[in-house]
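Here the structure is laid out as structure tokens; the discussion comes afterwards.
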There are 2 protein chains.
Amino acid sequence: MRLRIDLAYDGAGFHGWARQRELRTVQAEVERSLDTVLRSTGSSLTVAGRTDTGVHARGQVCHVDVDPETVVAAAGRSHEPTMDALRRRLNGLLDPDIRILLVAQAAAGFDARFSAIWRRYAYRIADRAQLVDPLSRGFVLTRQRELDLDAMNAASQHLLGEHDFAAFCRRREGATTIRTLLDLHWDRDPAGLAVGTVRADAFCHNMVRSLVGCLIVVGEHRRDATWAAEVLTGRRRDPAITVARAHGLTLEEVAYPADAELAARAHESRATRTLTPPSD
Amino acid sequence: MRLRIDLAYDGAGFHGWARQRELRTVQAEVERSLDTVLRSTGSSLTVAGRTDTGVHARGQVCHVDVDPETVVAAAGRSHEPTMDALRRRLNGLLDPDIRILLVAQAAAGFDARFSAIWRRYAYRIADRAQLVDPLSRGFVLTRQRELDLDAMNAASQHLLGEHDFAAFCRRREGATTIRTLLDLHWDRDPAGLAVGTVRADAFCHNMVRSLVGCLIVVGEHRRDATWAAEVLTGRRRDPAITVARAHGLTLEEVAYPADAELAARAHESRATRTLTPPSD
């Protein structure tokens, strides 16, 4: 039996998603809670977006294969539906910087990583002193100079579509860096913060934060808007691009196709990206 | 020379606004920074909303009287306007959980406390598991049961206007508990959180959080909507009302009249409330 688990976390207290010996990671915390609640050992999660240290998530999705009998036993004699009881028990064990939003039996063919059709991230920046809010300092980057969002949007336009994003990725041996960037634009939210929306079929390592780092340079008029496209075409990491700090970045949403297409989508993704762990 | 200072803070790290020996308070932190920047001693702030331990502020306002020569000296040979330089230097000294949003020379007759015409607070509640966001857990209360906002709004209606709010206040010897409640209503924000807006000429101690505590009881159908009015009329603290937790509360805005009316408003407020420290 496969469970789909939707969750949110404040990345500040984690060494990223992926399990690492002796470090606090989201994967390790959730797997340990599952083991406790299901009285099992070796729960192993597969995730849609393998976030780095300090990166947050509001709409993370993962899956885990479990013995159905352990799920029934865990829900016990609760009056709630089984999956609600499971969610409540997991949240009771987890620290408040991780919250399980939903536990559900996954549809046939569902794979949290390979069935996903896109991932959407948001990057938030307070670029004027009046916008700096101590209550949101954990998930908003502060910049001293006001950003020119028009210039950033012009630069972003050149990056849309299928490209080799090697210039914006930390290279991994044998992994493709070809991705389809579906959306990349900047807006002001109601409070006035600059918010970058970045959506792609998948991301290679450091890609979102490198794109944001590049666009901040353009937004501060240190390079003009055509520079982003030049970097892309160069297909080599440009030292002028710094990877934007992790705490401004949040994984907001992962999208899946209709149930009937889950398996086909997983098959297709595996074929094109099997050597590349999806990550940012 | 009187300076108006607008500021924001994350209340989690403070024992409230008011200076207390050996405890970290907002007033003490800001006064110490002013003393450093102005090379003075004994800077003494007067504040619009004297927030309690754990209560946040986005739109707090205070004033301080300073020697104009120290301000000019503090700004030094900066190319910025004097007040911007002062703000920047204060923020450089303060920890990131306090941010100075604005420093300005106050108009004649301005008094941060007595010139204010109203204070507006917001109280935020996540009342379904899906609404709980680890990124905002520092300023949003979590409740297990979904709130009936219609019932809360019906109850709120009965409390509007000028009343003796003794039933919702921590009593202080010789202080009036008569206040004018200008607005009290509940909405869902775009994320779905329940947000209570509470606006009054001024508040007595614990008043906002007692009102919220009372309305939560109604919203969870533990009492009906007329109960709030009964409590108000009783003019005695009702043990069924718990003071809602501090971390859900944020002082959002303080309003002042046009410059020409600042002094008259201060005179009027002093006459009616001089024995009552404005606070929540």
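Chain identifiers are assigned as A, B, and so on, following the order in which chains appear in the structure tokens; residues are numbered from 1 within each chain, and ligands are numbered from 1 in order of appearance.
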
Can I have chain B aligned to chain A? Use a least-squares fit on all Cα atoms paired in order and write it out as a PDB file with C-alpha atoms, in the first residue's frame.
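Okay, this is what ended up in selection_10.pdb:
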```pdb
ATOM      1  CA  MET B   1       0.012   0.008  -0.004  1.00  0.00           C
ATOM      2  CA  ARG B   2       1.430   3.363  -1.068  1.00  0.00           C
ATOM      3  CA  LEU B   3       0.726   6.513   0.977  1.00  0.00           C
ATOM      4  CA  ARG B   4       0.943  10.014  -0.428  1.00  0.00           C
ATOM      5  CA  ILE B   5       2.064  12.502   2.223  1.00  0.00           C
ATOM      6  CA  ASP B   6       1.791  16.289   1.709  1.00  0.00           C
ATOM      7  CA  LEU B   7       3.831  18.365   4.132  1.00  0.00           C
ATOM      8  CA  ALA B   8       5.244  21.784   4.966  1.00  0.00           C
ATOM      9  CA  TYR B   9       8.381  22.764   6.847  1.00  0.00           C
ATOM     10  CA  ASP B  10      10.487  25.668   8.019  1.00  0.00           C
ATOM     11  CA  GLY B  11      13.869  24.812   6.506  1.00  0.00           C
ATOM     12  CA  ALA B  12      15.873  26.825   9.062  1.00  0.00           C
ATOM     13  CA  GLY B  13      16.272  23.904  11.437  1.00  0.00           C
ATOM     14  CA  PHE B  14      17.156  21.224   8.871  1.00  0.00           C
ATOM     15  CA  HIS B  15      20.180  20.146   6.876  1.00  0.00           C
ATOM     16  CA  GLY B  16      17.853  19.863   3.897  1.00  0.00           C
ATOM     17  CA  TRP B  17      15.514  17.071   2.932  1.00  0.00           C
ATOM     18  CA  ALA B  18      17.804  14.093   2.389  1.00  0.00           C
ATOM     19  CA  ARG B  19      18.738  11.729   5.202  1.00  0.00           C
ATOM     20  CA  GLN B  20      22.326  12.256   6.420  1.00  0.00           C
ATOM     21  CA  ARG B  21      24.048  10.475   9.226  1.00  0.00           C
ATOM     22  CA  GLU B  22      23.753  12.403  12.503  1.00  0.00           C
ATOM     23  CA  LEU B  23      22.257  15.538  10.942  1.00  0.00           C
ATOM     24  CA  ARG B  24      18.683  16.700  11.445  1.00  0.00           C
ATOM     25  CA  THR B  25      16.936  16.385   8.083  1.00  0.00           C
ATOM     26  CA  VAL B  26      13.263  16.445   7.096  1.00  0.00           C
ATOM     27  CA  GLN B  27      13.377  12.959   5.611  1.00  0.00           C
ATOM     28  CA  ALA B  28      14.916  11.457   8.744  1.00  0.00           C
ATOM     29  CA  GLU B  29      12.374  13.159  11.035  1.00  0.00           C
ATOM     30  CA  VAL B  30       9.368  12.008   9.020  1.00  0.00           C
ATOM     31  CA  GLU B  31      10.690   8.475   8.519  1.00  0.00           C
ATOM     32  CA  ARG B  32      11.351   8.098  12.240  1.00  0.00           C
ATOM     33  CA  SER B  33       7.813   9.284  13.064  1.00  0.00           C
ATOM     34  CA  LEU B  34       6.358   6.845  10.539  1.00  0.00           C
ATOM     35  CA  ASP B  35       8.359   3.997  12.067  1.00  0.00           C
ATOM     36  CA  THR B  36       7.033   4.922  15.512  1.00  0.00           C
ATOM     37  CA  VAL B  37       3.391   5.285  14.479  1.00  0.00           C
ATOM     38  CA  LEU B  38       3.368   2.188  12.267  1.00  0.00           C
ATOM     39  CA  ARG B  39       5.551   0.182  14.683  1.00  0.00           C
ATOM     40  CA  SER B  40       7.744  -0.610  11.715  1.00  0.00           C
ATOM     41  CA  THR B  41      11.374  -0.096  10.770  1.00  0.00           C
ATOM     42  CA  GLY B  42      12.983   1.216   7.642  1.00  0.00           C
ATOM     43  CA  SER B  43      10.192   3.479   6.323  1.00  0.00           C
ATOM     44  CA  SER B  44      11.724   4.993   3.194  1.00  0.00           C
ATOM     45  CA  LEU B  45      10.337   8.171   1.616  1.00  0.00           C
ATOM     46  CA  THR B  46      10.530   9.227  -2.032  1.00  0.00           C
ATOM     47  CA  VAL B  47      10.164  12.972  -2.463  1.00  0.00           C
ATOM     48  CA  ALA B  48       9.138  15.359  -5.244  1.00  0.00           C
ATOM     49  CA  GLY B  49      11.564  18.203  -4.420  1.00  0.00           C
ATOM     50  CA  ARG B  50      14.786  17.373  -2.607  1.00  0.00           C
ATOM     51  CA  THR B  51      15.290  20.749  -0.914  1.00  0.00           C
ATOM     52  CA  ASP B  52      18.713  21.974   0.254  1.00  0.00           C
ATOM     53  CA  THR B  53      19.691  23.157   3.737  1.00  0.00           C
ATOM     54  CA  GLY B  54      17.581  26.145   4.747  1.00  0.00           C
ATOM     55  CA  VAL B  55      15.051  25.921   1.903  1.00  0.00           C
ATOM     56  CA  HIS B  56      11.406  25.856   3.031  1.00  0.00           C
ATOM     57  CA  ALA B  57       8.370  23.976   1.726  1.00  0.00           C
ATOM     58  CA  ARG B  58       4.650  24.637   1.857  1.00  0.00           C
ATOM     59  CA  GLY B  59       3.558  22.074  -0.727  1.00  0.00           C
ATOM     60  CA  GLN B  60       6.102  19.264  -0.565  1.00  0.00           C
ATOM     61  CA  VAL B  61       4.878  15.792  -1.590  1.00  0.00           C
ATOM     62  CA  CYS B  62       6.413  12.404  -0.852  1.00  0.00           C
ATOM     63  CA  HIS B  63       5.333   8.774  -0.857  1.00  0.00           C
ATOM     64  CA  VAL B  64       6.067   5.722   1.249  1.00  0.00           C
ATOM     65  CA  ASP B  65       5.171   2.057   0.799  1.00  0.00           C
ATOM     66  CA  VAL B  66       3.667   0.496   3.908  1.00  0.00           C
ATOM     67  CA  ASP B  67       2.011  -2.685   5.119  1.00  0.00           C
ATOM     68  CA  PRO B  68      -1.770  -1.939   5.149  1.00  0.00           C
ATOM     69  CA  GLU B  69      -2.194  -3.815   8.444  1.00  0.00           C
ATOM     70  CA  THR B  70       0.177  -1.454  10.236  1.00  0.00           C
ATOM     71  CA  VAL B  71      -1.895   1.518   9.043  1.00  0.00           C
ATOM     72  CA  VAL B  72      -5.134   0.047  10.378  1.00  0.00           C
ATOM     73  CA  ALA B  73      -3.441  -0.804  13.676  1.00  0.00           C
ATOM     74  CA  ALA B  74      -1.986   2.722  13.966  1.00  0.00           C
ATOM     75  CA  ALA B  75      -5.380   4.356  13.513  1.00  0.00           C
ATOM     76  CA  GLY B  76      -6.672   2.107  16.312  1.00  0.00           C
ATOM     77  CA  ARG B  77     -10.193   2.664  17.571  1.00  0.00           C
ATOM     78  CA  SER B  78     -10.188   6.359  16.639  1.00  0.00           C
ATOM     79  CA  HIS B  79     -13.530   7.764  15.456  1.00  0.00           C
ATOM     80  CA  GLU B  80     -11.709   9.654  12.726  1.00  0.00           C
ATOM     81  CA  PRO B  81     -11.088   8.333   9.223  1.00  0.00           C
ATOM     82  CA  THR B  82      -7.916   6.184   9.234  1.00  0.00           C
ATOM     83  CA  MET B  83      -5.780   8.625   7.240  1.00  0.00           C
ATOM     84  CA  ASP B  84      -6.773  11.601   9.441  1.00  0.00           C
ATOM     85  CA  ALA B  85      -5.814   9.624  12.530  1.00  0.00           C
ATOM     86  CA  LEU B  86      -2.460   8.794  10.974  1.00  0.00           C
ATOM     87  CA  ARG B  87      -1.816  12.458  10.116  1.00  0.00           C
ATOM     88  CA  ARG B  88      -2.739  13.548  13.625  1.00  0.00           C
ATOM     89  CA  ARG B  89      -0.464  10.970  15.230  1.00  0.00           C
ATOM     90  CA  LEU B  90       2.476  11.937  13.000  1.00  0.00           C
ATOM     91  CA  ASN B  91       2.002  15.625  13.835  1.00  0.00           C
ATOM     92  CA  GLY B  92       1.879  14.730  17.503  1.00  0.00           C
ATOM     93  CA  LEU B  93       5.375  13.237  17.233  1.00  0.00           C
ATOM     94  CA  LEU B  94       6.946  15.830  14.931  1.00  0.00           C
ATOM     95  CA  ASP B  95       8.347  19.175  16.067  1.00  0.00           C
ATOM     96  CA  PRO B  96       6.301  22.251  15.047  1.00  0.00           C
ATOM     97  CA  ASP B  97       8.713  23.131  12.237  1.00  0.00           C
ATOM     98  CA  ILE B  98       7.304  20.192  10.212  1.00  0.00           C
ATOM     99  CA  ARG B  99       3.557  19.753   9.668  1.00  0.00           C
ATOM    100  CA  ILE B 100       1.906  16.902   7.817  1.00  0.00           C
ATOM    101  CA  LEU B 101      -0.943  18.470   5.838  1.00  0.00           C
ATOM    102  CA  LEU B 102      -2.431  15.341   4.305  1.00  0.00           C
ATOM    103  CA  VAL B 103      -2.026  11.576   4.334  1.00  0.00           C
ATOM    104  CA  ALA B 104      -3.902   9.680   1.619  1.00  0.00           C
ATOM    105  CA  GLN B 105      -3.809   6.317  -0.069  1.00  0.00           C
ATOM    106  CA  ALA B 106      -2.006   6.979  -3.363  1.00  0.00           C
ATOM    107  CA  ALA B 107      -3.761   6.263  -6.644  1.00  0.00           C
ATOM    108  CA  ALA B 108      -2.392   3.404  -8.737  1.00  0.00           C
ATOM    109  CA  GLY B 109       0.787   4.401 -10.569  1.00  0.00           C
ATOM    110  CA  PHE B 110       1.518   7.377  -8.285  1.00  0.00           C
ATOM    111  CA  ASP B 111       5.182   8.181  -7.682  1.00  0.00           C
ATOM    112  CA  ALA B 112       5.855  11.412  -5.767  1.00  0.00           C
ATOM    113  CA  ARG B 113       9.034  12.056  -7.731  1.00  0.00           C
ATOM    114  CA  PHE B 114       8.468  10.695 -11.219  1.00  0.00           C
ATOM    115  CA  SER B 115       4.723  11.279 -11.635  1.00  0.00           C
ATOM    116  CA  ALA B 116       5.090  15.024 -10.980  1.00  0.00           C
ATOM    117  CA  ILE B 117       4.501  17.235 -14.019  1.00  0.00           C
ATOM    118  CA  TRP B 118       5.979  20.368 -12.482  1.00  0.00           C
ATOM    119  CA  ARG B 119       7.385  21.919  -9.311  1.00  0.00           C
ATOM    120  CA  ARG B 120       6.726  25.562  -8.388  1.00  0.00           C
ATOM    121  CA  TYR B 121       9.032  27.589  -6.127  1.00  0.00           C
ATOM    122  CA  ALA B 122       8.690  31.154  -4.813  1.00  0.00           C
ATOM    123  CA  TYR B 123      11.595  33.416  -3.908  1.00  0.00           C
ATOM    124  CA  ARG B 124      10.763  36.435  -1.688  1.00  0.00           C
ATOM    125  CA  ILE B 125      12.807  39.637  -1.400  1.00  0.00           C
ATOM    126  CA  ALA B 126      12.322  42.788   0.715  1.00  0.00           C
ATOM    127  CA  ASP B 127      14.174  45.403  -1.313  1.00  0.00           C
ATOM    128  CA  ARG B 128      13.282  48.546   0.666  1.00  0.00           C
ATOM    129  CA  ALA B 129      13.773  49.233   4.372  1.00  0.00           C
ATOM    130  CA  GLN B 130      10.022  49.791   4.830  1.00  0.00           C
ATOM    131  CA  LEU B 131       9.297  46.255   3.566  1.00  0.00           C
ATOM    132  CA  VAL B 132      11.490  44.468   6.091  1.00  0.00           C
ATOM    133  CA  ASP B 133       9.152  42.618   8.464  1.00  0.00           C
ATOM    134  CA  PRO B 134      10.751  40.919  11.480  1.00  0.00           C
ATOM    135  CA  LEU B 135       7.893  38.374  11.466  1.00  0.00           C
ATOM    136  CA  SER B 136       8.808  37.076   8.018  1.00  0.00           C
ATOM    137  CA  ARG B 137      12.576  37.461   8.220  1.00  0.00           C
ATOM    138  CA  GLY B 138      12.965  33.658   8.231  1.00  0.00           C
ATOM    139  CA  PHE B 139      11.657  33.313   4.671  1.00  0.00           C
ATOM    140  CA  VAL B 140      12.351  36.660   3.010  1.00  0.00           C
ATOM    141  CA  LEU B 141      15.739  37.861   1.706  1.00  0.00           C
ATOM    142  CA  THR B 142      16.674  41.477   2.487  1.00  0.00           C
ATOM    143  CA  ARG B 143      18.396  43.597  -0.166  1.00  0.00           C
ATOM    144  CA  GLN B 144      19.455  47.206   0.263  1.00  0.00           C
ATOM    145  CA  ARG B 145      18.827  48.327  -3.302  1.00  0.00           C
ATOM    146  CA  GLU B 146      15.373  48.483  -4.912  1.00  0.00           C
ATOM    147  CA  LEU B 147      14.933  45.876  -7.655  1.00  0.00           C
ATOM    148  CA  ASP B 148      13.787  46.773 -11.161  1.00  0.00           C
ATOM    149  CA  LEU B 149      11.220  44.019 -11.699  1.00  0.00           C
ATOM    150  CA  ASP B 150      10.615  45.058 -15.308  1.00  0.00           C
ATOM    151  CA  ALA B 151      14.265  44.394 -16.117  1.00  0.00           C
ATOM    152  CA  MET B 152      14.102  41.084 -14.231  1.00  0.00           C
ATOM    153  CA  ASN B 153      10.989  40.055 -16.149  1.00  0.00           C
ATOM    154  CA  ALA B 154      12.583  41.001 -19.472  1.00  0.00           C
ATOM    155  CA  ALA B 155      15.623  38.872 -18.582  1.00  0.00           C
ATOM    156  CA  SER B 156      13.399  36.014 -17.389  1.00  0.00           C
ATOM    157  CA  GLN B 157      11.587  35.835 -20.743  1.00  0.00           C
ATOM    158  CA  HIS B 158      14.791  34.705 -22.466  1.00  0.00           C
ATOM    159  CA  LEU B 159      15.126  31.715 -20.169  1.00  0.00           C
ATOM    160  CA  LEU B 160      11.694  30.153 -20.692  1.00  0.00           C
ATOM    161  CA  GLY B 161      11.319  26.864 -22.514  1.00  0.00           C
ATOM    162  CA  GLU B 162      13.530  23.799 -22.913  1.00  0.00           C
ATOM    163  CA  HIS B 163      17.248  24.564 -22.565  1.00  0.00           C
ATOM    164  CA  ASP B 164      20.437  23.100 -21.229  1.00  0.00           C
ATOM    165  CA  PHE B 165      20.642  24.904 -17.862  1.00  0.00           C
ATOM    166  CA  ALA B 166      24.247  23.797 -17.202  1.00  0.00           C
ATOM    167  CA  ALA B 167      25.228  27.442 -16.565  1.00  0.00           C
ATOM    168  CA  PHE B 168      22.815  27.527 -13.617  1.00  0.00           C
ATOM    169  CA  CYS B 169      23.431  24.068 -12.160  1.00  0.00           C
ATOM    170  CA  ARG B 170      25.927  22.397  -9.964  1.00  0.00           C
ATOM    171  CA  ARG B 171      27.223  19.717 -12.280  1.00  0.00           C
ATOM    172  CA  ARG B 172      26.674  16.057 -11.453  1.00  0.00           C
ATOM    173  CA  GLU B 173      28.536  13.317 -13.289  1.00  0.00           C
ATOM    174  CA  GLY B 174      26.390  11.614 -15.915  1.00  0.00           C
ATOM    175  CA  ALA B 175      23.325  13.744 -15.226  1.00  0.00           C
ATOM    176  CA  THR B 176      21.463  15.758 -17.825  1.00  0.00           C
ATOM    177  CA  THR B 177      20.986  19.485 -17.198  1.00  0.00           C
ATOM    178  CA  ILE B 178      18.272  19.880 -19.825  1.00  0.00           C
ATOM    179  CA  ARG B 179      15.066  21.178 -18.255  1.00  0.00           C
ATOM    180  CA  THR B 180      11.874  22.879 -19.385  1.00  0.00           C
ATOM    181  CA  LEU B 181      11.305  26.193 -17.613  1.00  0.00           C
ATOM    182  CA  LEU B 182       7.525  26.709 -17.720  1.00  0.00           C
ATOM    183  CA  ASP B 183       7.246  29.977 -15.800  1.00  0.00           C
ATOM    184  CA  LEU B 184       9.658  32.582 -14.473  1.00  0.00           C
ATOM    185  CA  HIS B 185       8.302  35.980 -13.504  1.00  0.00           C
ATOM    186  CA  TRP B 186       8.436  38.636 -10.781  1.00  0.00           C
ATOM    187  CA  ASP B 187       5.546  40.403  -9.052  1.00  0.00           C
ATOM    188  CA  ARG B 188       4.921  42.520  -5.984  1.00  0.00           C
ATOM    189  CA  ASP B 189       2.771  40.794  -3.345  1.00  0.00           C
ATOM    190  CA  PRO B 190       0.128  42.852  -1.451  1.00  0.00           C
ATOM    191  CA  ALA B 191       2.746  43.850   1.145  1.00  0.00           C
ATOM    192  CA  GLY B 192       5.099  45.064  -1.603  1.00  0.00           C
ATOM    193  CA  LEU B 193       7.663  42.244  -1.456  1.00  0.00           C
ATOM    194  CA  ALA B 194       9.289  41.183  -4.723  1.00  0.00           C
ATOM    195  CA  VAL B 195       8.228  37.585  -5.376  1.00  0.00           C
ATOM    196  CA  GLY B 196       9.794  35.431  -8.063  1.00  0.00           C
ATOM    197  CA  THR B 197       7.751  32.482  -9.331  1.00  0.00           C
ATOM    198  CA  VAL B 198       9.801  29.674 -10.854  1.00  0.00           C
ATOM    199  CA  ARG B 199       8.097  26.627 -12.341  1.00  0.00           C
ATOM    200  CA  ALA B 200       9.691  23.776 -14.297  1.00  0.00           C
ATOM    201  CA  ASP B 201       9.183  20.105 -15.076  1.00  0.00           C
ATOM    202  CA  ALA B 202      12.089  19.514 -12.693  1.00  0.00           C
ATOM    203  CA  PHE B 203      15.171  21.369 -11.471  1.00  0.00           C
ATOM    204  CA  CYS B 204      18.803  20.429 -11.335  1.00  0.00           C
ATOM    205  CA  HIS B 205      20.878  21.177  -8.259  1.00  0.00           C
ATOM    206  CA  ASN B 206      21.032  24.883  -7.239  1.00  0.00           C
ATOM    207  CA  MET B 207      19.107  25.879 -10.388  1.00  0.00           C
ATOM    208  CA  VAL B 208      16.368  28.028  -8.792  1.00  0.00           C
ATOM    209  CA  ARG B 209      18.769  29.898  -6.536  1.00  0.00           C
ATOM    210  CA  SER B 210      21.258  30.452  -9.390  1.00  0.00           C
ATOM    211  CA  LEU B 211      18.492  31.826 -11.624  1.00  0.00           C
ATOM    212  CA  VAL B 212      17.425  34.157  -8.797  1.00  0.00           C
ATOM    213  CA  GLY B 213      21.042  35.184  -8.156  1.00  0.00           C
ATOM    214  CA  CYS B 214      21.422  36.077 -11.839  1.00  0.00           C
ATOM    215  CA  LEU B 215      18.154  38.024 -11.984  1.00  0.00           C
ATOM    216  CA  ILE B 216      19.026  40.024  -8.838  1.00  0.00           C
ATOM    217  CA  VAL B 217      22.171  41.238 -10.657  1.00  0.00           C
ATOM    218  CA  VAL B 218      19.927  42.424 -13.520  1.00  0.00           C
ATOM    219  CA  GLY B 219      17.338  43.904 -11.120  1.00  0.00           C
ATOM    220  CA  GLU B 220      20.055  45.991  -9.457  1.00  0.00           C
ATOM    221  CA  HIS B 221      21.244  47.218 -12.879  1.00  0.00           C
ATOM    222  CA  ARG B 222      24.665  45.694 -12.508  1.00  0.00           C
ATOM    223  CA  ARG B 223      24.133  43.917 -15.868  1.00  0.00           C
ATOM    224  CA  ASP B 224      21.506  44.472 -18.511  1.00  0.00           C
ATOM    225  CA  ALA B 225      18.549  42.216 -19.234  1.00  0.00           C
ATOM    226  CA  THR B 226      20.177  40.327 -22.118  1.00  0.00           C
ATOM    227  CA  TRP B 227      22.936  39.047 -19.837  1.00  0.00           C
ATOM    228  CA  ALA B 228      20.823  36.165 -18.480  1.00  0.00           C
ATOM    229  CA  ALA B 229      20.401  34.757 -22.003  1.00  0.00           C
ATOM    230  CA  GLU B 230      24.154  35.115 -22.617  1.00  0.00           C
ATOM    231  CA  VAL B 231      24.908  33.154 -19.474  1.00  0.00           C
ATOM    232  CA  LEU B 232      22.427  30.455 -20.536  1.00  0.00           C
ATOM    233  CA  THR B 233      23.971  30.154 -24.002  1.00  0.00           C
ATOM    234  CA  GLY B 234      27.469  29.985 -22.519  1.00  0.00           C
ATOM    235  CA  ARG B 235      26.481  26.739 -20.759  1.00  0.00           C
ATOM    236  CA  ARG B 236      29.186  27.319 -18.163  1.00  0.00           C
ATOM    237  CA  ARG B 237      28.784  28.611 -14.639  1.00  0.00           C
ATOM    238  CA  ASP B 238      29.493  32.323 -14.579  1.00  0.00           C
ATOM    239  CA  PRO B 239      31.429  33.516 -11.515  1.00  0.00           C
ATOM    240  CA  ALA B 240      29.365  36.755 -11.543  1.00  0.00           C
ATOM    241  CA  ILE B 241      26.341  34.700 -10.495  1.00  0.00           C
ATOM    242  CA  THR B 242      26.022  33.964  -6.825  1.00  0.00           C
ATOM    243  CA  VAL B 243      23.581  31.335  -5.643  1.00  0.00           C
ATOM    244  CA  ALA B 244      20.862  33.327  -3.810  1.00  0.00           C
ATOM    245  CA  ARG B 245      20.583  32.548  -0.107  1.00  0.00           C
ATOM    246  CA  ALA B 246      18.472  29.538   0.839  1.00  0.00           C
ATOM    247  CA  HIS B 247      16.109  31.172   3.329  1.00  0.00           C
ATOM    248  CA  GLY B 248      14.280  33.239   0.651  1.00  0.00           C
ATOM    249  CA  LEU B 249      13.220  30.091  -1.214  1.00  0.00           C
ATOM    250  CA  THR B 250      10.064  28.037  -0.643  1.00  0.00           C
ATOM    251  CA  LEU B 251       8.786  25.014  -2.559  1.00  0.00           C
ATOM    252  CA  GLU B 252       5.146  26.020  -2.960  1.00  0.00           C
ATOM    253  CA  GLU B 253       3.492  23.338  -5.080  1.00  0.00           C
ATOM    254  CA  VAL B 254       4.003  20.083  -6.929  1.00  0.00           C
ATOM    255  CA  ALA B 255       1.524  19.171  -9.674  1.00  0.00           C
ATOM    256  CA  TYR B 256       0.470  15.711 -10.836  1.00  0.00           C
ATOM    257  CA  PRO B 257      -1.610  14.609 -13.826  1.00  0.00           C
ATOM    258  CA  ALA B 258      -5.026  12.980 -13.569  1.00  0.00           C
ATOM    259  CA  ASP B 259      -4.938   9.540 -11.922  1.00  0.00           C
ATOM    260  CA  ALA B 260      -5.204   7.684 -15.252  1.00  0.00           C
ATOM    261  CA  GLU B 261      -1.960   9.288 -16.458  1.00  0.00           C
ATOM    262  CA  LEU B 262       0.181   8.853 -13.317  1.00  0.00           C
ATOM    263  CA  ALA B 263       1.939   5.692 -14.413  1.00  0.00           C
ATOM    264  CA  ALA B 264       2.613   6.885 -17.980  1.00  0.00           C
ATOM    265  CA  ARG B 265       4.057  10.141 -16.671  1.00  0.00           C
ATOM    266  CA  ALA B 266       6.317   8.284 -14.238  1.00  0.00           C
ATOM    267  CA  HIS B 267       7.541   6.038 -17.045  1.00  0.00           C
ATOM    268  CA  GLU B 268       8.317   9.016 -19.261  1.00  0.00           C
ATOM    269  CA  SER B 269      10.137  10.988 -16.499  1.00  0.00           C
ATOM    270  CA  ARG B 270      12.226   7.995 -15.574  1.00  0.00           C
ATOM    271  CA  ALA B 271      13.349   7.560 -19.164  1.00  0.00           C
ATOM    272  CA  THR B 272      14.542  11.174 -19.518  1.00  0.00           C
ATOM    273  CA  ARG B 273      15.855  11.911 -16.046  1.00  0.00           C
ATOM    274  CA  THR B 274      16.732   8.648 -14.392  1.00  0.00           C
ATOM    275  CA  LEU B 275      20.339   9.672 -13.813  1.00  0.00           C
ATOM    276  CA  THR B 276      19.414  13.044 -12.314  1.00  0.00           C
ATOM    277  CA  PRO B 277      18.101  13.251  -8.776  1.00  0.00           C
ATOM    278  CA  PRO B 278      15.385  15.914  -8.767  1.00  0.00           C
ATOM    279  CA  SER B 279      16.532  18.573  -6.420  1.00  0.00           C
ATOM    280  CA  ASP B 280      17.077  22.159  -5.680  1.00  0.00           C
TER     281      ASP B 280
END
```

Can you list, as an MDAnalysis selection string, all residues belonging to range 11-257 of chain A that DSSP tags as alpha helix (DSSP H)? chainID A and resid 26:38 68:75 82:93 149:157 207:219 227:234

Using DSSP assignments from the backbone, pull out every residue in range 10-209 of chain A that falls under strand (DSSP E or B) and give it to me as a PyMOL selection string. chain A and resi 46-47+50+56-65+98-105+118-126+141-142+161-164+178-188+194-200
